[in-house]
$ cat target00.cif   # mmCIF, C-alpha atoms and all ligand atoms
data_start
loop_
_atom_site.label_atom_id
_atom_site.label_comp_id
_atom_site.auth_asym_id
_atom_site.auth_seq_id
_atom_site.Cartn_x
_atom_site.Cartn_y
_atom_site.Cartn_z
CA MET E 1 1.26 -7.85 17.48
CA MET E 2 -0.72 -4.67 17.25
CA GLY E 3 -2.47 -4.82 20.50
CA SER E 4 -2.18 -2.32 23.29
CA ALA E 5 -4.66 0.49 23.66
CA VAL E 6 -1.73 2.90 23.91
CA GLU E 7 -0.37 1.79 20.53
CA ARG E 8 -3.80 2.19 18.93
CA THR E 9 -4.35 5.65 20.39
CA GLU E 10 -0.90 6.75 19.22
CA LEU E 11 -1.66 5.46 15.74
CA ARG E 12 -4.91 7.37 15.57
CA ALA E 13 -3.39 10.57 16.90
CA ARG E 14 -0.59 10.26 14.36
CA ARG E 15 -3.12 10.39 11.53
CA GLU E 16 -3.28 14.13 11.79
CA VAL E 17 0.05 13.78 10.02
CA VAL E 18 -0.58 11.61 6.97
CA SER E 19 1.84 10.10 4.47
CA PHE E 20 0.14 11.63 1.45
CA VAL E 21 -0.61 15.06 0.09
CA ARG E 22 -4.30 15.84 0.12
CA ARG E 23 -4.56 16.68 -3.57
CA SER E 24 -7.54 17.64 -5.65
CA ASN E 25 -9.35 14.64 -7.06
CA ARG E 26 -10.10 16.50 -10.28
CA MET E 27 -9.97 14.06 -13.19
CA ARG E 28 -9.52 14.26 -16.93
CA PRO E 29 -12.69 13.37 -18.89
CA ASN E 30 -11.41 9.86 -19.75
CA GLN E 31 -10.49 9.22 -16.10
CA ARG E 32 -13.90 10.48 -14.98
CA ARG E 33 -15.53 8.14 -17.50
CA ALA E 34 -13.50 5.14 -16.28
CA TRP E 35 -14.30 6.03 -12.67
CA GLU E 36 -18.01 6.35 -13.25
CA THR E 37 -18.34 3.32 -15.50
CA HIS E 38 -16.21 0.81 -13.63
CA ARG E 39 -15.94 1.81 -9.97
CA ASN E 40 -18.83 -0.44 -8.96
CA GLN E 41 -17.05 -3.45 -10.42
CA PHE E 42 -13.70 -2.93 -8.67
CA VAL E 43 -13.88 -0.31 -5.91
CA VAL E 44 -15.03 -1.56 -2.52
CA ASP E 45 -17.43 0.90 -0.93
CA VAL E 46 -16.50 1.79 2.65
CA PRO E 47 -18.23 4.03 5.19
CA ARG E 48 -16.24 7.16 6.04
CA MET E 49 -15.52 9.22 9.12
CA ASP E 50 -14.42 12.82 8.59
CA THR E 51 -12.41 12.70 5.35
CA SER E 52 -12.73 10.96 1.97
CA THR E 53 -9.73 8.75 2.79
CA SER E 54 -10.93 7.74 6.25
CA ILE E 55 -12.79 4.55 7.15
CA HIS E 56 -15.43 4.31 9.83
CA PRO E 57 -14.16 2.06 12.66
CA ALA E 58 -17.48 0.19 12.67
CA VAL E 59 -16.99 -0.85 9.04
CA SER E 60 -18.16 -4.30 8.06
CA VAL E 61 -17.05 -5.36 4.62
CA ASP E 62 -16.98 -8.94 3.42
CA LEU E 63 -13.88 -9.17 1.25
CA ILE E 64 -14.72 -12.69 0.13
CA GLU E 65 -17.96 -11.31 -1.25
CA ALA E 66 -16.15 -8.33 -2.80
CA PHE E 67 -13.80 -10.67 -4.68
CA GLY E 68 -16.49 -13.25 -5.30
CA ARG E 69 -14.28 -16.01 -3.95
CA GLU E 70 -11.95 -17.05 -1.14
CA ALA E 71 -8.24 -16.99 -2.05
CA ASP E 72 -4.86 -15.89 -0.69
CA LEU E 73 -5.04 -12.15 -0.07
CA ILE E 74 -2.23 -9.89 -1.30
CA VAL E 75 -2.43 -6.22 -0.31
CA GLU E 76 -0.60 -3.53 -2.24
CA ILE E 77 -0.31 -0.22 -0.42
CA GLY E 78 -0.07 2.87 -2.63
CA PRO E 79 -0.01 1.19 -6.06
CA GLY E 80 -0.62 4.51 -7.85
CA ALA E 81 -2.20 3.70 -11.21
CA GLY E 82 -1.28 0.03 -10.80
CA GLU E 83 1.72 0.05 -13.09
CA SER E 84 3.30 -2.87 -11.25
CA LEU E 85 0.13 -4.19 -9.59
CA ILE E 86 -1.69 -5.00 -12.83
CA PRO E 87 0.98 -7.21 -14.46
CA MET E 88 1.67 -8.88 -11.12
CA ALA E 89 -2.06 -9.55 -10.57
CA ALA E 90 -2.26 -11.01 -14.07
CA ALA E 91 0.62 -13.34 -13.18
CA ARG E 92 -1.23 -14.53 -10.03
CA PRO E 93 -4.74 -15.48 -11.11
CA GLN E 94 -5.03 -17.72 -8.03
CA ALA E 95 -4.68 -14.76 -5.59
CA ASN E 96 -7.00 -11.90 -4.56
CA LEU E 97 -5.21 -8.54 -4.79
CA LEU E 98 -6.42 -5.62 -2.73
CA ALA E 99 -5.10 -2.21 -3.79
CA ILE E 100 -5.22 0.52 -1.14
CA GLU E 101 -4.71 3.94 -2.69
CA VAL E 102 -5.69 7.45 -1.65
CA TYR E 103 -5.51 9.23 -5.00
CA GLN E 104 -8.73 8.92 -6.98
CA PRO E 105 -7.38 9.94 -10.44
CA ALA E 106 -4.75 7.18 -10.10
CA ILE E 107 -7.51 4.72 -9.20
CA ALA E 108 -9.45 5.83 -12.30
CA ARG E 109 -6.39 5.06 -14.45
CA MET E 110 -6.09 1.68 -12.73
CA LEU E 111 -9.76 0.96 -13.52
CA ALA E 112 -9.21 1.68 -17.21
CA GLN E 113 -6.22 -0.71 -17.27
CA LEU E 114 -8.11 -3.43 -15.40
CA VAL E 115 -10.90 -3.28 -17.94
CA ARG E 116 -8.48 -3.13 -20.90
CA THR E 117 -6.56 -6.19 -19.65
CA GLY E 118 -9.61 -8.15 -18.49
CA ILE E 119 -8.15 -8.75 -15.03
CA ASP E 120 -10.71 -9.63 -12.38
CA ASN E 121 -8.68 -10.58 -9.29
CA VAL E 122 -8.10 -6.98 -8.15
CA ARG E 123 -10.30 -4.91 -5.86
CA ILE E 124 -9.54 -1.37 -4.75
CA VAL E 125 -10.12 0.53 -1.54
CA GLU E 126 -9.86 4.30 -1.76
CA ALA E 127 -8.46 5.06 1.69
CA ASP E 128 -5.48 5.78 3.85
CA ALA E 129 -3.71 2.45 4.26
CA VAL E 130 -3.49 2.96 8.02
CA ALA E 131 -7.28 3.09 8.31
CA ALA E 132 -7.74 0.24 5.83
CA LEU E 133 -5.38 -2.06 7.70
CA GLU E 134 -6.75 -1.06 11.05
CA TYR E 135 -10.48 -1.34 10.33
CA LEU E 136 -10.98 -3.41 7.20
CA LEU E 137 -8.62 -6.33 7.52
CA PRO E 138 -8.83 -8.97 10.23
CA ASP E 139 -5.74 -10.14 12.09
CA GLN E 140 -3.72 -12.84 10.32
CA SER E 141 -5.63 -12.44 7.06
CA VAL E 142 -2.98 -11.27 4.60
CA ALA E 143 -0.59 -13.59 2.76
CA GLU E 144 1.57 -10.77 1.35
CA ILE E 145 1.87 -7.02 1.71
CA TRP E 146 3.57 -5.02 -1.05
CA LEU E 147 4.83 -1.48 -0.47
CA PHE E 148 6.80 -0.22 -3.45
CA PHE E 149 8.29 3.26 -3.50
CA PRO E 150 6.32 4.78 -0.64
CA ASP E 151 6.49 8.58 -0.68
CA PRO E 152 9.98 9.23 0.70
CA TRP E 153 9.40 12.56 2.44
CA HIS E 154 13.14 12.98 2.18
CA LYS E 155 13.53 16.34 3.91
CA ALA E 156 14.28 15.87 7.62
CA ARG E 157 11.41 18.11 8.66
CA HIS E 158 9.01 15.84 6.73
CA HIS E 159 10.26 12.49 8.07
CA LYS E 160 7.30 12.40 10.46
CA ARG E 161 5.06 11.91 7.39
CA ARG E 162 6.72 8.67 6.36
CA LEU E 163 4.28 5.78 6.35
CA LEU E 164 6.60 3.20 7.76
CA THR E 165 6.73 3.83 11.49
CA PRO E 166 7.02 1.30 14.34
CA GLU E 167 3.23 1.60 14.87
CA PHE E 168 2.47 0.91 11.21
CA ALA E 169 4.89 -2.03 11.24
CA ALA E 170 3.09 -3.49 14.26
CA LEU E 171 -0.30 -3.03 12.62
CA SER E 172 0.85 -4.62 9.36
CA ALA E 173 2.51 -7.54 11.16
CA ALA E 174 -0.73 -8.18 13.06
CA ARG E 175 -2.69 -8.39 9.81
CA MET E 176 -0.22 -10.81 8.19
CA LYS E 177 -0.70 -14.55 8.36
CA PRO E 178 2.09 -16.41 10.12
CA GLY E 179 4.63 -17.10 7.38
CA GLY E 180 3.26 -14.19 5.32
CA ILE E 181 5.71 -11.92 3.49
CA TRP E 182 6.03 -8.14 3.39
CA ARG E 183 7.90 -6.92 0.32
CA ILE E 184 9.17 -3.36 0.20
CA ALA E 185 11.23 -1.31 -2.24
CA THR E 186 12.53 2.23 -2.01
CA ASP E 187 15.10 4.35 -3.80
CA TRP E 188 15.91 6.51 -0.77
CA ALA E 189 18.89 5.07 1.15
CA ASP E 190 18.12 6.73 4.49
CA TYR E 191 14.47 5.60 4.35
CA ALA E 192 15.64 2.09 3.46
CA ASP E 193 17.95 2.08 6.51
CA ARG E 194 15.15 3.38 8.72
CA ILE E 195 12.70 0.76 7.42
CA ARG E 196 15.18 -1.99 8.21
CA GLU E 197 15.71 -0.60 11.69
CA VAL E 198 11.94 -0.41 12.30
CA LEU E 199 11.18 -3.89 10.94
CA ASP E 200 14.20 -5.49 12.63
CA SER E 201 12.97 -4.24 15.99
CA ASN E 202 9.52 -5.80 15.56
CA PRO E 203 9.55 -9.26 17.21
CA CYS E 204 6.82 -10.53 14.83
CA LEU E 205 8.91 -9.88 11.73
CA ALA E 206 12.10 -11.54 10.51
CA ASN E 207 14.26 -10.41 7.62
CA VAL E 208 14.11 -13.11 4.94
CA HIS E 209 17.69 -12.11 4.06
CA PRO E 210 19.18 -11.69 7.54
CA ASP E 211 22.49 -10.34 6.29
CA GLY E 212 20.88 -7.45 4.46
CA TRP E 213 18.84 -6.36 1.48
CA ALA E 214 16.73 -8.68 -0.62
CA PRO E 215 17.81 -9.19 -4.21
CA ARG E 216 15.73 -7.12 -6.62
CA TRP E 217 12.39 -8.91 -6.87
CA ALA E 218 12.55 -10.04 -10.48
CA THR E 219 8.80 -10.14 -11.02
CA ARG E 220 8.36 -6.48 -9.97
CA PRO E 221 8.14 -4.39 -13.15
CA ILE E 222 10.03 -1.09 -13.18
CA THR E 223 7.54 1.73 -12.70
CA HIS E 224 7.95 5.39 -13.58
CA PHE E 225 8.76 6.07 -9.93
CA GLU E 226 11.54 3.51 -9.88
CA GLN E 227 12.86 4.72 -13.23
CA ARG E 228 12.94 8.29 -11.96
CA GLY E 229 15.08 7.14 -9.02
CA LEU E 230 17.41 5.21 -11.31
CA ASP E 231 17.71 8.18 -13.69
CA ALA E 232 18.66 10.37 -10.74
CA GLY E 233 21.44 7.89 -9.90
CA ARG E 234 19.78 6.48 -6.79
CA GLN E 235 20.20 2.86 -5.73
CA ILE E 236 17.10 0.67 -5.35
CA PHE E 237 16.72 -1.19 -2.04
CA ASP E 238 14.46 -4.24 -1.80
CA LEU E 239 13.43 -5.79 1.50
CA ALA E 240 11.44 -8.90 2.40
CA TYR E 241 10.24 -9.71 5.92
CA ARG E 242 8.40 -12.80 7.10
CA ARG E 243 5.74 -12.81 9.81
CA VAL E 244 6.95 -15.06 12.58
CA GLY E 245 5.43 -15.97 15.92
C1 LIG P 1 5.64 7.40 -4.88
S1 LIG P 1 4.08 6.71 -5.33
C2 LIG P 1 4.52 5.04 -5.79
C3 LIG P 1 3.48 4.37 -6.64
C4 LIG P 1 3.75 2.90 -7.03
N1 LIG P 1 3.85 2.07 -5.84
C5 LIG P 1 4.98 2.76 -7.87
O1 LIG P 1 5.95 2.14 -7.42
O2 LIG P 1 4.96 3.26 -8.99
C6 LIG P 1 3.31 6.50 -3.74
C7 LIG P 1 1.83 6.17 -3.84
O3 LIG P 1 1.36 5.89 -2.54
C8 LIG P 1 0.09 6.53 -2.34
N2 LIG P 1 -0.04 6.72 -0.87
C9 LIG P 1 0.71 7.49 -0.08
N3 LIG P 1 0.34 7.37 1.21
C10 LIG P 1 -0.69 6.47 1.23
C11 LIG P 1 -1.51 5.93 2.26
N4 LIG P 1 -1.33 6.28 3.54
N5 LIG P 1 -2.46 5.05 1.92
C12 LIG P 1 -2.66 4.69 0.62
N6 LIG P 1 -1.91 5.17 -0.41
C13 LIG P 1 -0.94 6.04 -0.11
C14 LIG P 1 0.21 7.81 -3.16
O4 LIG P 1 -1.05 8.35 -3.50
C15 LIG P 1 0.99 7.30 -4.39
O5 LIG P 1 0.11 6.77 -5.36
#

$ encode --input "target00.cif" --output "structure tokens" --more "lines below"
Ligand SMILES: C[S@@+](CC[C@H](N)C(=O)[O-])C[C@H]1O[C@@H](n2cnc3c(N)ncnc32)[C@H](O)[C@@H]1O
Amino acid sequence: MMGSAVERTELRARREVVSFVRRSNRMRPNQRRAWETHRNQFVVDVPRMDTSTSIHPAVSVDLIEAFGREADLIVEIGPGAGESLIPMAAARPQANLLAIEVYQPAIARMLAQLVRTGIDNVRIVEADAVAALEYLLPDQSVAEIWLFFPDPWHKARHHKRRLLTPEFAALSAARMKPGGIWRIATDWADYADRIREVLDSNPCLANVHPDGWAPRWATRPITHFEQRGLDAGRQIFDLAYRRVG
């Protein structure tokens, strides 16, 4: 469980090093239009601290109200423009899907797709996933977490920017319901090994496939990011962990 004050302080301090590049949020005219027309329907407004991807610790957001109903909550971290999120949300009309993404132009593209496909079980938070999990989601509230192709930060000097650290694993495990599943995919072998090491050492998480990798999750569509990895000859690693205890 994410619990001790020390763990929390370390997590906060670590946020000076974030897992994303702070890029310009400049949008193309069609993205700007989608953002301005549809953000109120899908993007959950959150109070900020110092940056546009932060969340104020005293946030109070009613997700049931944001979705307009109570249902199993699935959280996708870093869905980009929702290339895999949107078809998977369409296939799960009974679930509420919360997308946590830092990059506003990608969110604008996701909004356009949501409107085009008529999907209404997705809501979006524009924020660093660490802050969103820490401040927005109660303990034991999430049925599934999806993390597909997190930025690999493959150079050794950048490894400290990787999202999946022991502290982030503890935070995520705390937010998962007992029996909840965390599904992960990456095309970087050393990151995959590190993720397994981190998750295996968390007592609240158990590998669903104890002897190794999960089979490729058949319902996960191949995104441009995955295809780029495949084209470069990289292997895809899937993982699934269950919240225990
Ligand atoms: C390599 S892309 C993968 C996108 C998508 N999951 C896919 O498979 O096509 C990583 C995404 O994660 C987002 N991201 C990185 N760090 C994040 C964080 N701390 N919180 C939320 N989103 C993040 C990036 O903006 C980007 O859209």

$ residues_around --input "target00.cif" --residues "Tyr135 of chain E" --least-positions-apart "5" --cutoff "12 Å" --atoms "all atoms listed in the file" --output "PDB file with C-alpha atoms, in the frame of the given file"
ATOM      1  CA  ARG E   8      -3.800   2.190  18.930  1.00  0.00           C
ATOM      2  CA  ARG E  12      -4.910   7.370  15.570  1.00  0.00           C
ATOM      3  CA  VAL E  46     -16.500   1.790   2.650  1.00  0.00           C
ATOM      4  CA  PRO E  47     -18.230   4.030   5.190  1.00  0.00           C
ATOM      5  CA  ARG E  48     -16.240   7.160   6.040  1.00  0.00           C
ATOM      6  CA  MET E  49     -15.520   9.220   9.120  1.00  0.00           C
ATOM      7  CA  SER E  54     -10.930   7.740   6.250  1.00  0.00           C
ATOM      8  CA  ILE E  55     -12.790   4.550   7.150  1.00  0.00           C
ATOM      9  CA  HIS E  56     -15.430   4.310   9.830  1.00  0.00           C
ATOM     10  CA  PRO E  57     -14.160   2.060  12.660  1.00  0.00           C
ATOM     11  CA  ALA E  58     -17.480   0.190  12.670  1.00  0.00           C
ATOM     12  CA  VAL E  59     -16.990  -0.850   9.040  1.00  0.00           C
ATOM     13  CA  SER E  60     -18.160  -4.300   8.060  1.00  0.00           C
ATOM     14  CA  VAL E  61     -17.050  -5.360   4.620  1.00  0.00           C
ATOM     15  CA  ALA E 127      -8.460   5.060   1.690  1.00  0.00           C
ATOM     16  CA  ASP E 128      -5.480   5.780   3.850  1.00  0.00           C
ATOM     17  CA  ALA E 129      -3.710   2.450   4.260  1.00  0.00           C
ATOM     18  CA  VAL E 130      -3.490   2.960   8.020  1.00  0.00           C
ATOM     19  CA  LEU E 171      -0.300  -3.030  12.620  1.00  0.00           C
ATOM     20  CA  SER E 172       0.850  -4.620   9.360  1.00  0.00           C
ATOM     21  CA  ARG E 175      -2.690  -8.390   9.810  1.00  0.00           C
TER      22      ARG E 175
END

$ closest_residue --input "target00.cif" --among "E:Ala189, E:Ile184, E:Cys204, E:Ala218" --to "Arg234 of chain E" --atoms "all atoms listed in the file"
E:Ala189

$ residues_around --input "target00.cif" --residues "Ala185 of chain E" --least-positions-apart "6" --cutoff "6 Å" --atoms "all atoms listed in the file" --output "number ranges by chain"
E: 148-149, 237-238

$ closest_atom_pairs --input "target00.cif" --of "chain E" --to "ligand LIG 1 (chain P)" --cutoff "6 Å" --atoms "all atoms listed in the file" --output "Markdown table"
| residue | atom | partner | partner_atom | distance |
| --- | --- | --- | --- | --- |
| E:Ser19 | CA | P:LIG1 | N3 | 4.5 |
| E:Phe20 | CA | P:LIG1 | N3 | 4.3 |
| E:Ile77 | CA | P:LIG1 | C12 | 5.5 |
| E:Gly78 | CA | P:LIG1 | O3 | 3.3 |
| E:Pro79 | CA | P:LIG1 | N1 | 4.0 |
| E:Gly80 | CA | P:LIG1 | O5 | 3.4 |
| E:Ile100 | CA | P:LIG1 | C12 | 5.2 |
| E:Glu101 | CA | P:LIG1 | N6 | 3.8 |
| E:Val102 | CA | P:LIG1 | N6 | 4.6 |
| E:Tyr103 | CA | P:LIG1 | O4 | 4.8 |
| E:Ala127 | CA | P:LIG1 | C12 | 5.9 |
| E:Asp128 | CA | P:LIG1 | N5 | 3.7 |
| E:Ala129 | CA | P:LIG1 | N5 | 3.7 |
| E:Val130 | CA | P:LIG1 | N4 | 6.0 |
| E:Phe148 | CA | P:LIG1 | N1 | 4.4 |
| E:Phe149 | CA | P:LIG1 | O1 | 4.7 |
| E:Pro150 | CA | P:LIG1 | C6 | 4.7 |
| E:Asp151 | CA | P:LIG1 | C1 | 4.4 |
| E:Thr223 | CA | P:LIG1 | O2 | 4.8 |
| E:His224 | CA | P:LIG1 | O2 | 5.9 |
| E:Phe225 | CA | P:LIG1 | O2 | 4.8 |

$ closest_residue --input "target00.cif" --among "E:Ile195, E:Met176, E:Leu111, E:Val18" --to "Gln140 of chain E" --atoms "only C-alpha atoms"
E:Met176

$ closest_residue --input "target00.cif" --among "E:Thr219, E:Gln235, E:Asn207, E:Asn202" --to "Thr186 of chain E" --atoms "all atoms listed in the file"
E:Gln235

$ closest_residue --input "target00.cif" --among "E:Ala95, E:Leu73, E:Leu205, E:Ala156" --to "Asp190 of chain E" --atoms "only C-alpha atoms"
E:Ala156

$ residues_around --input "target00.cif" --residues "Ile119 of chain E" --least-positions-apart "4" --cutoff "10 Å" --atoms "only C-alpha atoms" --output "compact mmCIF listing (two decimals) with C-alpha atoms, in the coordinates of the input"
# COMPACT_ATOMS: atom_id res chain seq x y z
CA ILE E 86 -1.69 -5.00 -12.83
CA PRO E 87 0.98 -7.21 -14.46
CA ALA E 89 -2.06 -9.55 -10.57
CA ALA E 90 -2.26 -11.01 -14.07
CA PRO E 93 -4.74 -15.48 -11.11
CA LEU E 111 -9.76 0.96 -13.52
CA GLN E 113 -6.22 -0.71 -17.27
CA LEU E 114 -8.11 -3.43 -15.40
CA VAL E 115 -10.90 -3.28 -17.94

$ atom_distance --input "target00.cif" --atom1 "atom CA of Asp72 of chain E" --atom2 "atom CA of Pro138 of chain E"
13.5 Å

$ residues_around --input "target00.cif" --residues "Gly180 of chain E" --least-positions-apart "6" --cutoff "8 Å" --atoms "all atoms listed in the file" --output "PyMOL selection string"
chain E and resi 142-144+242-243

$ write_last_selection --input "target00.cif" --atoms "C-alpha atoms" --output "JSON list (two decimals), keeping the file's coordinate frame"
[["chain", "number", "residue", "atom", "x", "y", "z"],
["E", 142, "VAL", "CA", -2.98, -11.27, 4.60],
["E", 143, "ALA", "CA", -0.59, -13.59, 2.76],
["E", 144, "GLU", "CA", 1.57, -10.77, 1.35],
["E", 242, "ARG", "CA", 8.40, -12.80, 7.10],
["E", 243, "ARG", "CA", 5.74, -12.81, 9.81]]

$ closest_residue --input "target00.cif" --among "E:Arg220, E:Arg157, E:Lys177, E:Arg109" --to "Arg32 of chain E" --atoms "all atoms listed in the file"
E:Arg109
